[in-house]
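Raw structure.cif, mmCIF, C-alpha atoms and all ligand atoms:
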data_protein
#
loop_
_atom_site.label_atom_id
_atom_site.label_comp_id
_atom_site.auth_asym_id
_atom_site.auth_seq_id
_atom_site.Cartn_x
_atom_site.Cartn_y
_atom_site.Cartn_z
CA MET A 1 108.51 91.14 24.66
CA ILE A 2 105.32 89.08 24.64
CA SER A 3 102.02 89.89 26.26
CA ALA A 4 100.86 88.23 29.47
CA VAL A 5 97.84 86.87 27.56
CA LEU A 6 100.05 85.16 24.98
CA ALA A 7 102.34 83.81 27.67
CA ALA A 8 99.40 82.35 29.58
CA ALA A 9 97.90 80.83 26.42
CA ALA A 10 101.20 79.23 25.48
CA LEU A 11 101.64 77.77 28.95
CA ALA A 12 98.37 75.97 28.52
CA CYS A 13 100.51 73.56 26.51
CA PRO A 14 101.43 70.71 28.87
CA GLN A 15 105.01 70.48 27.59
CA GLU A 16 105.63 74.14 28.38
CA ALA A 17 104.08 73.79 31.82
CA LYS A 18 106.31 70.78 32.47
CA LEU A 19 109.47 72.65 31.45
CA LYS A 20 108.49 75.71 33.47
CA ALA A 21 108.00 73.57 36.58
CA MET A 22 111.46 72.01 36.10
CA LEU A 23 113.36 75.30 35.81
CA PRO A 24 114.13 76.00 39.50
CA GLU A 25 115.59 72.53 40.01
CA VAL A 26 117.57 72.58 36.76
CA PHE A 27 119.09 75.97 37.61
CA ALA A 28 119.90 74.83 41.16
CA LYS A 29 121.59 71.66 39.89
CA SER A 30 123.45 73.65 37.22
CA ALA A 31 124.70 76.07 39.86
CA ALA A 32 126.07 73.18 41.94
CA HIS A 33 127.83 71.72 38.87
CA TYR A 34 129.48 75.04 38.03
CA ARG A 35 130.58 75.65 41.63
CA ALA A 36 132.43 72.32 41.38
CA ILE A 37 134.07 73.22 38.04
CA ASP A 38 135.08 76.64 39.34
CA ALA A 39 136.67 75.06 42.43
CA ALA A 40 138.64 72.56 40.34
CA ALA A 41 139.68 75.13 37.71
CA THR A 42 140.73 78.05 39.91
CA PRO A 43 144.07 76.53 41.02
CA LEU A 44 144.86 75.77 37.34
CA MET A 45 144.08 79.26 36.07
CA ASN A 46 147.72 80.38 35.90
CA ALA A 47 149.30 76.95 35.54
CA GLY A 48 151.71 77.17 32.62
CA ASP A 49 152.61 73.50 32.97
CA VAL A 50 149.16 72.30 31.97
CA LYS A 51 149.72 70.91 28.49
CA GLU A 52 147.93 72.78 25.73
CA ALA A 53 145.48 70.25 24.29
CA VAL A 54 145.22 72.02 20.95
CA PRO A 55 147.56 74.92 20.13
CA HIS A 56 145.73 77.94 18.77
CA GLY A 57 147.23 80.18 16.14
CA ASP A 58 150.54 81.77 17.04
CA LYS A 59 149.55 82.66 20.59
CA PRO A 60 152.13 81.94 23.28
CA HIS A 61 151.54 78.91 25.46
CA GLY A 62 151.82 79.21 29.20
CA GLU A 63 149.15 81.90 29.16
CA ARG A 64 146.26 81.93 31.58
CA ARG A 65 143.72 79.24 31.05
CA VAL A 66 139.98 78.69 31.29
CA PRO A 67 138.03 75.46 31.69
CA HIS A 68 136.82 74.04 28.38
CA GLY A 69 135.80 70.41 28.85
CA TRP A 70 136.71 67.10 30.37
CA ASP A 71 138.83 64.13 29.41
CA ALA A 72 136.85 61.00 30.21
CA LYS A 73 139.98 58.79 29.93
CA THR A 74 141.97 60.64 32.60
CA GLY A 75 138.99 62.10 34.45
CA LYS A 76 140.73 65.48 34.28
CA LEU A 77 139.35 68.91 33.59
CA ASP A 78 140.44 70.14 30.14
CA MET A 79 141.90 73.64 30.61
CA ARG A 80 142.64 75.65 27.46
CA SER A 81 144.45 78.86 26.65
CA ILE A 82 142.44 82.06 26.96
CA TYR A 83 142.89 82.28 23.16
CA TRP A 84 141.04 79.01 22.52
CA TRP A 85 137.86 79.70 20.54
CA THR A 86 135.51 78.76 23.38
CA SER A 87 137.16 80.77 26.15
CA GLY A 88 134.15 83.07 26.55
CA HIS A 89 131.67 80.29 27.21
CA PHE A 90 132.64 79.29 30.75
CA PRO A 91 132.62 82.92 31.97
CA GLY A 92 129.38 83.43 30.02
CA ALA A 93 127.73 80.40 31.66
CA LEU A 94 128.67 81.85 35.06
CA TRP A 95 126.92 85.10 34.04
CA TYR A 96 123.81 83.15 33.08
CA LEU A 97 123.87 81.36 36.43
CA TYR A 98 124.07 84.74 38.13
CA GLU A 99 121.05 85.82 36.07
CA ALA A 100 119.21 82.58 36.86
CA THR A 101 119.88 82.48 40.60
CA GLY A 102 120.79 86.03 41.67
CA ASP A 103 123.63 84.48 43.69
CA GLY A 104 126.52 86.96 44.05
CA PHE A 105 129.01 84.07 44.05
CA PHE A 106 128.39 83.65 40.31
CA ARG A 107 128.69 87.40 39.65
CA ASP A 108 132.06 87.47 41.41
CA ARG A 109 133.46 84.35 39.76
CA ALA A 110 132.11 85.42 36.35
CA THR A 111 133.91 88.74 36.76
CA VAL A 112 137.22 87.02 37.57
CA TRP A 113 137.05 84.61 34.61
CA THR A 114 135.75 87.28 32.23
CA GLU A 115 138.56 89.69 33.04
CA SER A 116 141.10 86.86 32.64
CA ILE A 117 140.35 86.64 28.89
CA ALA A 118 140.63 90.40 28.22
CA PRO A 119 143.72 90.10 25.94
CA ASN A 120 141.43 88.71 23.21
CA SER A 121 140.32 92.27 22.45
CA LYS A 122 143.54 92.82 20.49
CA VAL A 123 143.29 89.59 18.48
CA SER A 124 142.72 89.73 14.71
CA ASP A 125 143.92 86.25 13.74
CA ASN A 126 140.54 84.55 14.11
CA HIS A 127 136.83 85.35 13.87
CA ASP A 128 135.96 83.76 17.21
CA VAL A 129 136.85 86.86 19.22
CA GLY A 130 133.31 88.02 18.45
CA PHE A 131 131.58 85.49 20.59
CA ILE A 132 134.50 84.99 22.97
CA MET A 133 134.08 88.59 24.08
CA ASN A 134 130.33 89.01 23.66
CA CYS A 135 129.44 85.92 25.73
CA SER A 136 131.72 87.14 28.54
CA PHE A 137 132.13 90.94 28.52
CA GLY A 138 128.84 91.48 26.66
CA ASN A 139 126.87 89.63 29.36
CA ALA A 140 128.87 91.40 32.08
CA ARG A 141 127.91 94.78 30.63
CA ARG A 142 124.24 93.78 30.31
CA LEU A 143 123.87 92.29 33.79
CA LEU A 144 126.01 94.75 35.75
CA LYS A 145 124.55 97.69 33.83
CA THR A 146 128.02 99.16 33.65
CA ASP A 147 129.85 101.05 30.93
CA LYS A 148 133.25 99.94 32.19
CA TYR A 149 133.54 97.26 29.49
CA ASP A 150 132.46 99.47 26.56
CA ALA A 151 136.02 100.26 25.51
CA ILE A 152 137.10 96.62 25.42
CA LEU A 153 134.02 95.60 23.40
CA LYS A 154 134.68 98.37 20.86
CA GLU A 155 138.36 97.43 20.68
CA THR A 156 137.35 93.81 19.96
CA ALA A 157 135.00 94.95 17.20
CA ASP A 158 137.84 96.94 15.66
CA SER A 159 140.15 93.89 15.83
CA LEU A 160 137.50 91.62 14.28
CA SER A 161 136.71 94.15 11.55
CA LYS A 162 140.31 93.82 10.29
CA ARG A 163 139.24 90.44 8.94
CA PHE A 164 136.69 92.10 6.62
CA ASN A 165 137.46 92.09 2.90
CA PRO A 166 135.42 94.95 1.35
CA GLY A 167 135.78 93.48 -2.15
CA LEU A 168 134.18 90.20 -1.08
CA GLY A 169 131.89 91.81 1.49
CA LEU A 170 132.83 89.02 3.92
CA LEU A 171 134.78 88.44 7.10
CA ARG A 172 137.45 85.79 6.81
CA SER A 173 136.67 83.03 9.31
CA TRP A 174 139.90 81.06 9.24
CA GLY A 175 143.41 81.96 8.20
CA ASP A 176 145.79 84.88 8.28
CA ILE A 177 144.38 88.17 6.98
CA ARG A 178 147.27 88.50 4.51
CA GLU A 179 146.74 85.08 2.94
CA LYS A 180 146.11 85.32 -0.82
CA LYS A 181 145.33 81.74 -1.89
CA ASN A 182 142.44 80.94 0.44
CA PHE A 183 139.61 82.97 1.94
CA LEU A 184 137.74 80.53 4.19
CA VAL A 185 134.28 81.22 5.56
CA ILE A 186 132.10 79.02 7.81
CA PRO A 187 128.51 79.46 9.05
CA ASP A 188 129.86 79.56 12.63
CA ASN A 189 131.01 83.08 11.72
CA MET A 190 127.39 84.25 11.97
CA MET A 191 127.80 84.06 15.75
CA ASN A 192 130.51 86.69 15.76
CA LEU A 193 128.31 89.31 14.14
CA GLU A 194 126.42 90.01 17.37
CA LEU A 195 129.52 91.60 18.92
CA LEU A 196 129.78 93.91 15.90
CA GLU A 197 126.10 94.86 16.19
CA GLU A 198 126.40 95.47 19.92
CA ALA A 199 129.60 97.52 19.57
CA ALA A 200 127.99 99.73 16.90
CA LYS A 201 125.27 100.68 19.40
CA LEU A 202 127.64 101.63 22.23
CA PRO A 203 128.31 105.32 22.89
CA GLY A 204 131.01 106.22 20.38
CA GLY A 205 130.53 102.88 18.59
CA GLU A 206 131.16 102.98 14.86
CA ARG A 207 128.36 102.41 12.35
CA ARG A 208 130.78 100.47 10.13
CA PHE A 209 130.72 97.55 12.61
CA ALA A 210 127.01 96.95 11.88
CA ASP A 211 127.55 97.52 8.15
CA ILE A 212 130.21 94.78 8.15
CA ALA A 213 127.92 92.39 10.05
CA ARG A 214 125.06 92.94 7.58
CA SER A 215 127.27 92.62 4.54
CA HIS A 216 128.69 89.35 5.85
CA ALA A 217 125.24 87.96 6.70
CA THR A 218 123.85 88.87 3.27
CA LYS A 219 126.76 87.37 1.32
CA THR A 220 126.69 84.22 3.46
CA MET A 221 122.96 83.89 2.80
CA ALA A 222 123.63 84.04 -0.95
CA HIS A 223 126.38 81.42 -1.12
CA HIS A 224 126.56 79.20 1.93
CA PHE A 225 123.36 77.14 1.68
CA ARG A 226 121.82 74.64 -0.67
CA ALA A 227 118.36 75.14 -2.17
CA ASP A 228 116.84 73.09 0.68
CA GLY A 229 118.35 75.37 3.35
CA GLY A 230 121.08 72.93 4.43
CA THR A 231 124.47 74.49 5.10
CA TYR A 232 127.90 73.78 3.68
CA HIS A 233 130.62 73.98 6.27
CA VAL A 234 133.68 75.59 4.65
CA LEU A 235 133.58 77.77 1.54
CA ASN A 236 136.77 79.04 -0.03
CA TYR A 237 136.24 82.32 -1.91
CA ASP A 238 138.43 83.51 -4.76
CA GLN A 239 140.14 86.80 -3.97
CA ARG A 240 141.89 87.33 -7.31
CA PRO A 241 141.01 90.55 -9.11
CA GLY A 242 138.26 89.75 -11.57
CA PHE A 243 137.24 86.63 -9.62
CA HIS A 244 135.91 88.41 -6.55
CA GLY A 245 133.07 86.60 -4.91
CA ALA A 246 133.37 83.30 -6.75
CA VAL A 247 133.36 80.17 -4.60
CA GLN A 248 136.46 78.28 -5.69
CA GLU A 249 136.12 75.30 -3.36
CA ILE A 250 133.76 73.61 -0.90
CA ARG A 251 135.31 71.72 2.01
CA ARG A 252 133.53 69.30 4.33
CA GLY A 253 135.23 70.85 7.38
CA GLN A 254 133.63 69.41 10.52
CA GLY A 255 130.80 67.76 8.60
CA LEU A 256 130.45 64.27 7.16
CA SER A 257 130.78 65.38 3.53
CA CYS A 258 130.47 68.40 1.25
CA GLU A 259 126.91 67.41 0.44
CA THR A 260 125.52 66.87 3.93
CA ALA A 261 124.72 69.46 6.59
CA TRP A 262 126.84 69.49 9.75
CA SER A 263 124.34 69.87 12.58
CA ARG A 264 126.12 72.49 14.67
CA GLY A 265 126.77 74.56 11.55
CA GLN A 266 123.03 74.48 10.86
CA SER A 267 122.38 75.59 14.45
CA TRP A 268 124.85 78.47 14.13
CA ALA A 269 122.93 79.58 11.03
CA ILE A 270 119.51 79.35 12.73
CA TYR A 271 120.72 81.34 15.71
CA GLY A 272 122.73 83.78 13.57
CA TYR A 273 119.91 84.78 11.21
CA ALA A 274 117.35 85.12 14.02
CA MET A 275 119.85 87.37 15.84
CA MET A 276 120.56 89.40 12.70
CA TYR A 277 116.83 89.97 12.19
CA ARG A 278 116.58 91.20 15.78
CA GLU A 279 119.38 93.68 15.15
CA SER A 280 118.56 94.84 11.61
CA LYS A 281 114.83 94.17 11.14
CA ASP A 282 115.74 93.13 7.60
CA PRO A 283 112.85 90.82 6.50
CA ALA A 284 115.25 88.82 4.30
CA TYR A 285 117.01 87.56 7.44
CA LEU A 286 113.70 86.62 9.06
CA ALA A 287 112.64 84.63 6.00
CA PHE A 288 116.05 82.97 5.85
CA ALA A 289 116.04 82.09 9.56
CA GLN A 290 112.78 80.24 8.92
CA LYS A 291 114.24 78.43 5.90
CA VAL A 292 117.32 77.14 7.73
CA SER A 293 115.17 76.23 10.76
CA ASP A 294 112.66 74.33 8.64
CA PHE A 295 115.50 72.32 7.12
CA ALA A 296 116.42 71.16 10.63
CA ILE A 297 113.09 70.68 12.36
CA ASN A 298 111.42 68.94 9.38
CA ASN A 299 114.47 66.88 8.50
CA PRO A 300 113.67 63.16 8.08
CA ASN A 301 116.85 62.40 10.04
CA MET A 302 115.93 64.56 13.04
CA PRO A 303 115.35 62.20 16.00
CA GLU A 304 112.07 62.32 17.91
CA ASP A 305 113.70 63.94 20.96
CA GLY A 306 114.96 66.89 18.89
CA VAL A 307 118.66 66.29 19.59
CA PRO A 308 120.30 65.96 16.15
CA TYR A 309 122.84 63.42 15.05
CA TRP A 310 126.18 65.19 14.67
CA ASP A 311 125.51 65.56 10.93
CA PHE A 312 122.11 65.46 9.23
CA GLY A 313 123.61 62.89 6.86
CA ALA A 314 124.73 60.56 9.67
CA PRO A 315 121.56 59.03 11.17
CA GLY A 316 122.30 56.45 13.84
CA GLU A 317 125.69 57.93 14.73
CA GLU A 318 126.46 60.12 17.76
CA ARG A 319 124.07 62.89 18.79
CA ASP A 320 125.41 66.40 19.32
CA SER A 321 123.76 67.95 22.38
CA SER A 322 125.49 71.27 21.61
CA ALA A 323 123.71 71.45 18.24
CA ALA A 324 120.42 71.02 20.12
CA SER A 325 121.12 73.66 22.77
CA ILE A 326 122.27 76.29 20.23
CA MET A 327 119.28 75.50 18.02
CA SER A 328 116.78 75.71 20.88
CA SER A 329 118.04 79.14 21.88
CA GLY A 330 117.87 80.37 18.27
CA LEU A 331 114.39 78.89 17.71
CA LEU A 332 113.06 80.54 20.86
CA GLU A 333 114.29 83.93 19.64
CA LEU A 334 112.90 83.30 16.15
CA SER A 335 109.49 82.38 17.61
CA THR A 336 109.15 85.86 19.15
CA PHE A 337 109.24 87.51 15.71
CA LEU A 338 106.45 85.42 14.19
CA PRO A 339 102.76 85.62 15.02
CA GLY A 340 100.42 82.72 15.76
CA GLU A 341 101.19 79.23 14.58
CA LYS A 342 104.26 80.31 12.61
CA GLY A 343 106.12 81.23 15.78
CA ALA A 344 104.47 78.55 17.91
CA LYS A 345 105.97 75.68 15.90
CA TYR A 346 109.53 76.92 16.52
CA ARG A 347 108.81 77.50 20.19
CA ALA A 348 107.27 74.04 20.56
CA PHE A 349 110.30 72.42 18.92
CA ALA A 350 112.68 74.31 21.21
CA VAL A 351 110.68 73.21 24.25
CA ARG A 352 110.88 69.61 23.06
CA GLN A 353 114.66 69.93 22.74
CA LEU A 354 115.02 71.52 26.19
CA LEU A 355 112.90 68.83 27.86
CA SER A 356 115.19 66.23 26.30
CA LEU A 357 118.34 68.08 27.39
CA CYS A 358 116.98 68.40 30.96
CA SER A 359 116.36 64.64 31.14
CA ASP A 360 118.77 62.05 32.55
CA ALA A 361 119.65 61.06 28.98
CA TYR A 362 121.61 64.32 28.54
CA PHE A 363 121.80 66.22 31.84
CA ALA A 364 124.66 64.89 33.96
CA LYS A 365 124.36 63.76 37.57
CA PRO A 366 126.58 65.52 40.13
CA GLY A 367 130.17 64.29 39.86
CA GLU A 368 129.80 62.70 36.41
CA ASN A 369 130.71 64.31 33.08
CA GLY A 370 133.43 66.35 34.80
CA ASP A 371 130.52 68.30 36.33
CA TRP A 372 129.66 69.90 32.98
CA LEU A 373 125.91 70.00 32.45
CA LEU A 374 125.30 68.28 29.13
CA LYS A 375 126.59 64.90 28.06
CA HIS A 376 126.90 63.72 24.44
CA GLY A 377 128.40 66.63 22.55
CA VAL A 378 130.49 66.20 19.40
CA GLY A 379 133.32 68.64 18.73
CA HIS A 380 135.04 67.57 15.49
CA LYS A 381 134.22 64.02 14.48
CA PRO A 382 136.22 63.88 11.19
CA ALA A 383 139.32 64.87 13.18
CA GLY A 384 138.53 62.27 15.85
CA SER A 385 138.37 65.05 18.42
CA GLU A 386 135.85 65.48 21.26
CA ILE A 387 133.32 62.80 20.39
CA ASP A 388 130.48 62.05 22.84
CA THR A 389 131.74 64.49 25.44
CA PRO A 390 130.71 67.61 27.35
CA LEU A 391 131.30 70.91 25.55
CA ASP A 392 131.40 74.31 27.28
CA TYR A 393 129.42 75.98 24.50
CA GLY A 394 126.73 73.28 24.72
CA ASP A 395 126.21 74.27 28.36
CA TYR A 396 126.31 78.01 27.62
CA TYR A 397 123.52 77.93 25.03
CA PHE A 398 121.51 75.47 27.14
CA LEU A 399 121.46 77.96 30.03
CA GLU A 400 120.73 80.82 27.63
CA ALA A 401 117.81 78.91 26.10
CA LEU A 402 116.36 78.10 29.54
CA LEU A 403 116.56 81.79 30.48
CA ARG A 404 114.92 82.78 27.19
CA PHE A 405 112.16 80.27 27.86
CA ARG A 406 111.75 81.55 31.43
CA ARG A 407 111.21 85.09 30.10
CA LEU A 408 108.75 83.90 27.44
CA ALA A 409 106.88 81.91 30.05
CA GLY A 410 106.23 85.16 31.86
CA GLU A 411 108.60 84.74 34.78
N1 LIG A 501 133.23 76.99 15.57
C1 LIG A 501 133.70 75.69 15.71
C2 LIG A 501 132.67 74.69 16.11
O1 LIG A 501 131.50 74.95 16.16
O2 LIG A 501 133.08 73.58 16.38
#

Show me the file's structure as structure tokens.
Ligand code: GLY
Amino acid sequence: MISAVLAAAALACPQEAKLKAMLPEVFAKSAAHYRAIDAAATPLMNAGDVKEAVPHGDKPHGERRVPHGWDAKTGKLDMRSIYWWTSGHFPGALWYLYEATGDGFFRDRATVWTESIAPNSKVSDNHDVGFIMNCSFGNARRLLKTDKYDAILKETADSLSKRFNPGLGLLRSWGDIREKKNFLVIPDNMMNLELLEEAAKLPGGERRFADIARSHATKTMAHHFRADGGTYHVLNYDQRPGFHGAVQEIRRGQGLSCETAWSRGQSWAIYGYAMMYRESKDPAYLAFAQKVSDFAINNPNMPEDGVPYWDFGAPGEERDSSAASIMSSGLLELSTFLPGEKGAKYRAFAVRQLLSLCSDAYFAKPGENGDWLLKHGVGHKPAGSEIDTPLDYGDYYFLEALLRFRRLAGE
């Protein structure tokens, strides 16, 4: 919450006034884009003959599907299994459009798509179930003010908590929970802690869910970042008795190299530590959120428009609009915890990013970009996958950031 006086003072800034004036049109255009995606995707929802673009774990194919992206070569919507790691983002974006517009169409469609991914609550073979279910069911619970999804959110937290290794104090991000050789952790995992925090607060929610989230955040803070605040992508921890907690290997993962910072990983960290401070009020997380944010916003390779190259070590290569949208949402939250100029610099940077993302350079025209909102996302460049393309999670955090800004601007 911020005071009306602070909100008014901040809006004196011309950039903020400009963004505020753009919001109604951006939300209206976004709503039209998502109506088009929903219309194209609905007939494909149960289509078992749509080829799985990327198989996920050991889940059966031919399951229900949700829209994920767009294939520019074929012009076709990219539908993925409900077990794909981003399956909560399309339903979540529909919830944000309901919040932005009040239009019952989005509430009804968000409900249908959200309930279609319910089987994820029983999944323990990946860490992504945290944000899959919190972006969808978590927003449904918040906006509908209903307790009918409490049980499924608590069941998901229980499934996710099976990935916690008490000896290491960490959740395993990738891999089977019985695997002995590798214990792989990525900064993206910070995003799945919010579900655990939310589930712990539900009536009958278990305190251990929040304890796991805080243990994971604290251990990650200790190991996963260089002295300058830049993140590694994949760390492999040693699980052998007597070696507990040692990092046995660093992998470049989705980044350019082991010694550069992958931009979306940095954004997950910024968002994750701001969120963990909100939930825990642990000042160590607040200080760390500032450190990882300062790495990004003061980085010599950060472009003027605030939309990072896909890796901080790859200036001149593709931008990643999803890294910018996630970062802007995290920075806006972080700004609310810091008084005066300390918070204002994060808020100003987020506004700069959002103005860029709302411009023609990134925001798609109707009918282009498969009707997804943001152009120029990068999924996994080292694997040659999803380069310079729309990404469902880029859109989700863009809408979230605009809504956060709208609240801060006193609307
Ligand atoms: N969590 C996977 C990614 O950010 O691409």

Need the shell around Ser121 of chain A: protein/DNA/RNA residues with any atom at most 10 Å away, counting only C-alpha atoms. Skip same-chain ones fewer than 3 positions apart. Format as a list in words? Ile117, Ala118, Ser124, Val129, Gly130, Ile132, Met133, Ala151, Ile152, Leu153, Lys154, Glu155, Thr156, Ala157, Asp158, Ser159 and Leu160 of chain A

Keeping only C-alpha atoms, write the selected residues as a short mmCIF file (atom, residue, chain, number, x, y, z; two decimals), keeping the file's coordinate frame.
data_model
loop_
_atom_site.label_atom_id
_atom_site.label_comp_id
_atom_site.auth_asym_id
_atom_site.auth_seq_id
_atom_site.Cartn_x
_atom_site.Cartn_y
_atom_site.Cartn_z
CA ILE A 117 140.35 86.64 28.89
CA ALA A 118 140.63 90.40 28.22
CA SER A 124 142.72 89.73 14.71
CA VAL A 129 136.85 86.86 19.22
CA GLY A 130 133.31 88.02 18.45
CA ILE A 132 134.50 84.99 22.97
CA MET A 133 134.08 88.59 24.08
CA ALA A 151 136.02 100.26 25.51
CA ILE A 152 137.10 96.62 25.42
CA LEU A 153 134.02 95.60 23.40
CA LYS A 154 134.68 98.37 20.86
CA GLU A 155 138.36 97.43 20.68
CA THR A 156 137.35 93.81 19.96
CA ALA A 157 135.00 94.95 17.20
CA ASP A 158 137.84 96.94 15.66
CA SER A 159 140.15 93.89 15.83
CA LEU A 160 137.50 91.62 14.28
#

Site check for ligand LIG 501 (chain A): residues at most 12 Å away, all atoms listed in the file, as a PyMOL selection string: chain A and resi 84-87+126-132+173-174+185-192+233-234+253-255+262-269+310+320+322-323+326+377-383+385-387+391-394

Where is the centre and how long are the edges: axis-aligned box on segment 381-400 of chain A, 5 Å on each side, Å to one decimal, as JSON:
{"center_x": 130.0, "center_y": 71.4, "center_z": 20.6, "size_x": 28.6, "size_y": 28.8, "size_z": 28.8}

Non-local contacts of Gln15 of chain A (8 Å; only C-alpha atoms; under 3 positions in same chain excluded) as a ChimeraX atom specification: /A:18-19,351-352

Nearest to Tyr346 of chain A by atom-to-atom distance, counting all atoms listed in the file, from A:Gly370, A:Ala314, A:Gly306, A:Cys358: A:Gly306

Have a look at atom CA of Phe137 of chain A and atom CA of Thr42 of chain A and let me know their distance in Å, one decimal.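 Taking atom CA of Phe137 of chain A as the start and atom CA of Thr42 of chain A as the end point, the length is 19.2 Å.
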
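Taking atom CA of Tyr277 of chain A as the reference point, atom CA of Tyr396 of chain A is found at 21.7 Å.
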
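The protein and nucleic acid residues lying at most 7 Å from Leu373 of chain A are Ser30, His33, Phe363, Ala364, Asp371, Lys375 and Asp395 of chain A, with only C-alpha atoms considered and sequence neighbours fewer than 2 positions away removed.
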
Spatial neighbours of Gly169 of chain A, max dist 9 Å, all atoms listed in the file, sep filter under 6 positions, as a list of chain:residue names: A:Ile212, A:Ser215, A:His216, A:Thr218, A:Lys219, A:Gly245

Atom CA of Leu286 of chain A to atom CA of Tyr273 of chain A: how many Å, to one decimal?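 Between atom CA of Leu286 of chain A and atom CA of Tyr273 of chain A the gap is 6.8 Å.
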
Taking 2 positions as the minimum chain separation for residues in the same chain, which residues sit within 7 Å of segment 74-83 of chain A when counting only C-alpha atoms? Answer as number ranges by chain. A: 52-53, 56, 63-72, 85, 87, 117, 120, 370

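Proximity of A:Arg404, A:Arg251, A:Asp103, A:Gly330 to Met276 of chain A, computed with all atoms listed in the file, is greatest for A:Gly330.
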
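Checking A:Phe164, A:Glu179, A:Lys291, A:Ala140 one by one against Arg226 of chain A, counting only C-alpha atoms, you find the shortest gap at A:Lys291.
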
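The residue that comes closest to Tyr271 of chain A, out of A:Ala324, A:Gly384, A:Ala199, A:Lys122 and on the basis of only C-alpha atoms, is A:Ala324.
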
Need the neighbours of (115.0, 73.9, 11.8): which residues are at most 10 Å away, counting only C-alpha atoms, as number ranges by chain? A: 229-230, 266-267, 269-270, 289-299, 302, 306, 327-328, 330-331, 346, 349-350

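Comparing the minimum interatomic distances between Glu25 of chain A and each of A:Phe405, A:Ile250, A:Ala100, A:Ser161, counting only C-alpha atoms, we find that A:Ala100 sits nearest.
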
Could you check the closest approach to Val247 of chain A for each of A:Leu144, A:Leu184, A:Ala213, A:Val307 and tell me which residue wins, using only C-alpha atoms? A:Leu184
